[in-house]
Amino acid sequence: MAGGVGARFWPLSTEAQPKQFLDVMGTGKSFIRATFERFLPSVPKENFLVVTSAIYKAQVMEHLPELSESQVLLEPMRRNTAPCIAYASFRIKSVCDNANVVVTPADHLVTNTVEFNRIINKGLDYVSAHNSILTIGIKPSRPETGYGYIKQNCETEISEIYEVDSFKEKPSLDVAKQYLSDGNYLWNSGIFMWNNNAILSEFKTQLPNMYADFEKGESVYNTTEEQAFIDNLYPACQSISIDYGIMEGAESRCVIPADFGWSDIGTWGSLYTHLEKNENANASVGGKVVFDKSSGCIVNIPADHEAIIEGLDGYLVAYYNKNLIVCKLDDEQEIKNLVEKLK
C-alpha cells in the first residue's frame, strides 16, 4: 500500500512527493525501495503488487524498476485501506485463486530483516493452513500513544501465534502505560497476512456492498479494461479502513508477536527515537547544525544548509523546499491539521 501522503512529516512529505518516496533516514534508499528489498527473500519480484494513487505511478516505477506496469494498481482517489485491499484481492484472485498474501504499508522501518522474514514465512505457513486473518503485533518498548494496540489472548495450537481479544484505538499516555504494564498488549503494525479466499469471504460478510461492487469487475481484472472499471467504481466506494471494516469483526483473527526493529516512522517524534543523539539528546538530519542551550530537539535541514538552534527544549525544526516548521515535539500530532491551514 503506497498511496498515502504522510502529512505529519511536512514539510518533507507533501502531496507531490509523499513519505514513501523519501529517504528520511539518510540510508540512500526510499521507504518503498527498502520495503521491496526487505520482502525479496520471501516473495519473488513477479508476485509484488503496489496499490497507489494514479498520480504516483511514475514515482513507483522510478523507485521499483524491477516491476512491470501491470504490477502497479492505480487508485483514482484515496478511499482508505479497505477498498485498496479489496481491489488488490480481486486482482490476485484473477491470477492465483488460492494465493497466500502479505499486506504492508510501503513506508515503515525494519532494522532486523532476518527476523522479519522469519516472522513473515511463519505467518504465511499459518494462513496457508488456517482460515484466519493474521496480523503482526509489535512487542512494545515504551508507552506509545501514536499507535493502535492489539490485546492478545491465549496461544493457538501453533507456537508464537495468539488469538486476538480486541483491537484498541490510540490510547492516552496513562492507558498506554497500563498496556505496557499488563504485558499482553502489542502495537498494531498494520501488516496483515491471509489466504486470499479468506479475506474475500470476510469482505463478502462484513462489507457486502463493497464486495459486490468489486466483484462486478471479475471479467476485466488483469485486462486492458481494468483501469476504466476502477476509475468508474472508486468515486462511490465507501472510505473505510481495513481495521474498522474487517479486522474488528473477523470471524477468526490471530496475531503473531514480533520484535524486528519496527517503526511506522509516522511522525517526527518516531524518527527522533531512531536517530543518534548528542549529549543533550539533540538529533539532526541533513546539514550542519549547532545546538546551544538546547535539549531534546530534532532538526532536519537540506545537506547543503546550516542552522543554529539556541534555547529550545523538545522542539522540531524542519526546513525543506522553502517550507519551514518550528513546533513542540509534544504537539506533533497537530501537524496534519496545521498544514491544512496553509491551503
# chains A, B, ... in the order shown; residues from 1 in each chain; ligands from 1
call {"tool": "residues_around", "arguments": {"residues": "range 156-164 of chain A", "least_positions_apart": "4", "cutoff": "9 Å", "atoms": "only C-alpha atoms", "output": "JSON list (two decimals) with C-alpha atoms, in the first residue's frame"}}
result
[["chain", "number", "residue", "atom", "x", "y", "z"],
["A", 123, "GLY", "CA", 2.78, -16.31, 9.17],
["A", 126, "TYR", "CA", -0.04, -20.45, 9.17],
["A", 134, "LEU", "CA", -3.37, -12.82, 10.89],
["A", 150, "ILE", "CA", -3.84, -5.34, 19.91],
["A", 151, "LYS", "CA", -4.82, -7.23, 23.08],
["A", 152, "GLN", "CA", -3.67, -10.81, 22.66],
["A", 252, "SER", "CA", -11.11, -15.77, 13.14],
["A", 253, "ARG", "CA", -8.32, -13.33, 13.84],
["A", 254, "CYS", "CA", -4.88, -14.00, 15.23],
["A", 255, "VAL", "CA", -1.70, -12.10, 15.98],
["A", 256, "ILE", "CA", 1.96, -13.05, 15.89],
["A", 257, "PRO", "CA", 4.06, -11.00, 18.32],
["A", 258, "ALA", "CA", 7.30, -9.77, 16.79]]
call {"tool": "select_by_dssp", "arguments": {"residues": "range 196-288 of chain A", "states": "alpha helix (DSSP H)", "output": "MDAnalysis selection string"}}
result
chainID A and resid 196:206 208:215 226:233 242:245 268:272
call {"tool": "residues_around", "arguments": {"residues": "Met1 in chain A", "least_positions_apart": "6", "cutoff": "8 Å", "atoms": "only C-alpha atoms", "output": "MDAnalysis selection string"}}
result
chainID A and resid 50:52 81 84 103:106
call {"tool": "write_last_selection", "arguments": {"atoms": "all heavy atoms", "output": "mmCIF file, in the first residue's frame"}}
result
data_model
loop_
_atom_site.group_PDB
_atom_site.id
_atom_site.type_symbol
_atom_site.label_atom_id
_atom_site.label_comp_id
_atom_site.auth_asym_id
_atom_site.auth_seq_id
_atom_site.Cartn_x
_atom_site.Cartn_y
_atom_site.Cartn_z
ATOM 1 N N VAL A 50 1.750 -3.236 -6.097
ATOM 2 C CA VAL A 50 1.751 -1.954 -5.410
ATOM 3 C C VAL A 50 0.439 -1.259 -5.722
ATOM 4 O O VAL A 50 0.095 -1.076 -6.892
ATOM 5 C CB VAL A 50 2.926 -1.064 -5.863
ATOM 6 C CG1 VAL A 50 2.872 0.292 -5.152
ATOM 7 C CG2 VAL A 50 4.256 -1.754 -5.609
ATOM 8 N N VAL A 51 -0.312 -0.910 -4.677
ATOM 9 C CA VAL A 51 -1.525 -0.132 -4.871
ATOM 10 C C VAL A 51 -1.217 1.295 -4.455
ATOM 11 O O VAL A 51 -0.788 1.551 -3.322
ATOM 12 C CB VAL A 51 -2.706 -0.673 -4.045
ATOM 13 C CG1 VAL A 51 -3.990 0.065 -4.413
ATOM 14 C CG2 VAL A 51 -2.872 -2.169 -4.264
ATOM 15 N N THR A 52 -1.417 2.232 -5.370
ATOM 16 C CA THR A 52 -1.034 3.609 -5.106
ATOM 17 C C THR A 52 -1.974 4.553 -5.835
ATOM 18 O O THR A 52 -2.823 4.137 -6.624
ATOM 19 C CB THR A 52 0.421 3.855 -5.546
ATOM 20 O OG1 THR A 52 0.857 5.143 -5.094
ATOM 21 C CG2 THR A 52 0.565 3.791 -7.065
ATOM 22 N N THR A 81 -7.938 2.094 3.420
ATOM 23 C CA THR A 81 -7.265 0.824 3.139
ATOM 24 C C THR A 81 -8.193 -0.318 2.741
ATOM 25 O O THR A 81 -7.745 -1.259 2.081
ATOM 26 C CB THR A 81 -6.423 0.384 4.346
ATOM 27 O OG1 THR A 81 -7.231 0.392 5.531
ATOM 28 C CG2 THR A 81 -5.237 1.322 4.548
ATOM 29 N N CYS A 84 -8.661 -0.339 -1.070
ATOM 30 C CA CYS A 84 -7.337 -0.657 -1.619
ATOM 31 C C CYS A 84 -7.083 -2.155 -1.569
ATOM 32 O O CYS A 84 -6.653 -2.773 -2.563
ATOM 33 C CB CYS A 84 -6.280 0.109 -0.809
ATOM 34 S SG CYS A 84 -4.605 -0.526 -0.896
ATOM 35 N N VAL A 103 -0.006 -8.097 3.292
ATOM 36 C CA VAL A 103 -0.345 -6.701 3.004
ATOM 37 C C VAL A 103 0.478 -5.819 3.929
ATOM 38 O O VAL A 103 0.476 -6.009 5.149
ATOM 39 C CB VAL A 103 -1.848 -6.428 3.229
ATOM 40 C CG1 VAL A 103 -2.154 -4.953 2.995
ATOM 41 C CG2 VAL A 103 -2.684 -7.297 2.305
ATOM 42 N N THR A 104 1.188 -4.852 3.365
ATOM 43 C CA THR A 104 2.040 -3.994 4.185
ATOM 44 C C THR A 104 2.031 -2.566 3.673
ATOM 45 O O THR A 104 1.972 -2.336 2.466
ATOM 46 C CB THR A 104 3.488 -4.513 4.192
ATOM 47 O OG1 THR A 104 4.293 -3.668 5.033
ATOM 48 C CG2 THR A 104 4.083 -4.508 2.792
ATOM 49 N N PRO A 105 2.093 -1.597 4.569
ATOM 50 C CA PRO A 105 2.375 -0.228 4.135
ATOM 51 C C PRO A 105 3.773 -0.157 3.534
ATOM 52 O O PRO A 105 4.655 -0.954 3.873
ATOM 53 C CB PRO A 105 2.285 0.581 5.431
ATOM 54 C CG PRO A 105 1.471 -0.264 6.359
ATOM 55 C CD PRO A 105 1.830 -1.686 6.017
ATOM 56 N N ALA A 106 3.971 0.804 2.654
ATOM 57 C CA ALA A 106 5.251 0.924 1.948
ATOM 58 C C ALA A 106 6.246 1.819 2.678
ATOM 59 O O ALA A 106 7.361 2.011 2.198
ATOM 60 C CB ALA A 106 5.015 1.491 0.545
#
call {"tool": "closest_atom_pairs", "arguments": {"of": "range 258-319 of chain A", "to": "range 22-41 of chain A", "cutoff": "8 Å", "atoms": "only C-alpha atoms", "output": "tab-separated table"}}
result
residue	atom	partner	partner_atom	distance
A:Leu271	CA	A:Met25	CA	7.8
A:Val285	CA	A:Gly26	CA	7.5
A:Gly286	CA	A:Gly26	CA	7.9
call {"tool": "write_last_selection", "arguments": {"atoms": "C-alpha atoms", "output": "PDB file, in the first residue's frame"}}
result
ATOM      1  CA  LEU A 271      12.030   9.343  13.650  1.00  0.00           C
ATOM      2  CA  VAL A 285      19.481  15.018   9.780  1.00  0.00           C
ATOM      3  CA  GLY A 286      20.996  16.705   6.735  1.00  0.00           C
TER       4      GLY A 286
END
call {"tool": "residues_around", "arguments": {"residues": "Glu202 in chain A", "least_positions_apart": "3", "cutoff": "10 Å", "atoms": "only C-alpha atoms", "output": "PyMOL selection string"}}
result
chain A and resi 132-133+197-199+205-208+211+245-247+249-252
call {"tool": "residues_around", "arguments": {"residues": "Ser70 in chain A", "least_positions_apart": "4", "cutoff": "10 Å", "atoms": "only C-alpha atoms", "output": "ChimeraX atom specification"}}
result
/A:49-50,74,222-224
call {"tool": "write_last_selection", "arguments": {"atoms": "N, CA, C and O atoms", "output": "mmCIF file, in the first residue's frame"}}
result
data_model
loop_
_atom_site.group_PDB
_atom_site.id
_atom_site.type_symbol
_atom_site.label_atom_id
_atom_site.label_comp_id
_atom_site.auth_asym_id
_atom_site.auth_seq_id
_atom_site.Cartn_x
_atom_site.Cartn_y
_atom_site.Cartn_z
ATOM 1 N N LEU A 49 2.543 -6.621 -5.770
ATOM 2 C CA LEU A 49 1.597 -5.637 -6.291
ATOM 3 C C LEU A 49 1.740 -4.378 -5.453
ATOM 4 O O LEU A 49 1.844 -4.453 -4.225
ATOM 5 N N VAL A 50 1.750 -3.236 -6.097
ATOM 6 C CA VAL A 50 1.751 -1.954 -5.410
ATOM 7 C C VAL A 50 0.439 -1.259 -5.722
ATOM 8 O O VAL A 50 0.095 -1.076 -6.892
ATOM 9 N N LEU A 74 -3.604 1.346 -9.785
ATOM 10 C CA LEU A 74 -3.771 2.792 -9.645
ATOM 11 C C LEU A 74 -5.165 3.154 -9.158
ATOM 12 O O LEU A 74 -6.171 2.869 -9.819
ATOM 13 N N ASN A 222 -6.961 -7.697 -14.662
ATOM 14 C CA ASN A 222 -5.783 -8.137 -15.411
ATOM 15 C C ASN A 222 -5.989 -8.057 -16.921
ATOM 16 O O ASN A 222 -5.375 -8.806 -17.682
ATOM 17 N N THR A 223 -6.856 -7.143 -17.355
ATOM 18 C CA THR A 223 -7.058 -6.863 -18.783
ATOM 19 C C THR A 223 -6.927 -5.358 -18.998
ATOM 20 O O THR A 223 -6.831 -4.576 -18.046
ATOM 21 N N THR A 224 -6.992 -4.952 -20.246
ATOM 22 C CA THR A 224 -6.888 -3.525 -20.572
ATOM 23 C C THR A 224 -8.121 -2.738 -20.119
ATOM 24 O O THR A 224 -8.092 -1.507 -20.096
#
call {"tool": "residues_around", "arguments": {"residues": "range 167-176 of chain A", "least_positions_apart": "6", "cutoff": "9 Å", "atoms": "only C-alpha atoms", "output": "list in words"}}
result
Arg142, Pro143, Glu144, Thr145, Gly146, Tyr147, Gly148, Tyr149, Ile150, Lys151, Gln152, Asn188, Asp243, Met247 and Glu248 of chain A
call {"tool": "residues_around", "arguments": {"residues": "Gln17 in chain A", "least_positions_apart": "3", "cutoff": "10 Å", "atoms": "only C-alpha atoms", "output": "PyMOL selection string"}}
result
chain A and resi 5-6+12-14+20-22+56+59
call {"tool": "write_last_selection", "arguments": {"atoms": "N, CA, C and O atoms", "output": "short mmCIF file (atom, residue, chain, number, x, y, z; two decimals), in the first residue's frame"}}
result
data_model
loop_
_atom_site.label_atom_id
_atom_site.label_comp_id
_atom_site.auth_asym_id
_atom_site.auth_seq_id
_atom_site.Cartn_x
_atom_site.Cartn_y
_atom_site.Cartn_z
N VAL A 5 -0.18 10.17 2.03
CA VAL A 5 0.52 11.44 1.89
C VAL A 5 1.56 11.66 2.98
O VAL A 5 2.56 12.34 2.76
N GLY A 6 1.36 11.07 4.16
CA GLY A 6 2.30 11.28 5.26
C GLY A 6 2.35 12.72 5.70
O GLY A 6 3.42 13.30 5.89
N LEU A 12 8.80 17.79 4.64
CA LEU A 12 9.45 16.84 3.73
C LEU A 12 8.43 16.09 2.89
O LEU A 12 8.58 15.95 1.68
N SER A 13 7.40 15.57 3.56
CA SER A 13 6.38 14.78 2.87
C SER A 13 5.24 15.70 2.44
O SER A 13 4.63 16.37 3.27
N THR A 14 4.95 15.70 1.14
CA THR A 14 3.91 16.55 0.59
C THR A 14 3.05 15.74 -0.37
O THR A 14 3.36 14.59 -0.71
N GLN A 20 6.65 7.82 1.39
CA GLN A 20 7.12 6.53 0.90
C GLN A 20 8.22 6.65 -0.16
O GLN A 20 8.97 5.72 -0.39
N PHE A 21 8.33 7.83 -0.78
CA PHE A 21 9.34 8.03 -1.82
C PHE A 21 10.55 8.82 -1.31
O PHE A 21 11.39 9.23 -2.10
N LEU A 22 10.63 9.02 0.01
CA LEU A 22 11.70 9.80 0.60
C LEU A 22 12.71 8.92 1.33
O LEU A 22 12.37 7.85 1.83
N TYR A 56 1.02 8.85 -8.59
CA TYR A 56 2.33 8.39 -8.16
C TYR A 56 2.88 7.25 -9.02
O TYR A 56 3.91 6.65 -8.67
N GLN A 59 6.53 7.68 -10.04
CA GLN A 59 7.46 7.59 -8.91
C GLN A 59 7.64 6.13 -8.47
O GLN A 59 8.74 5.72 -8.12
#
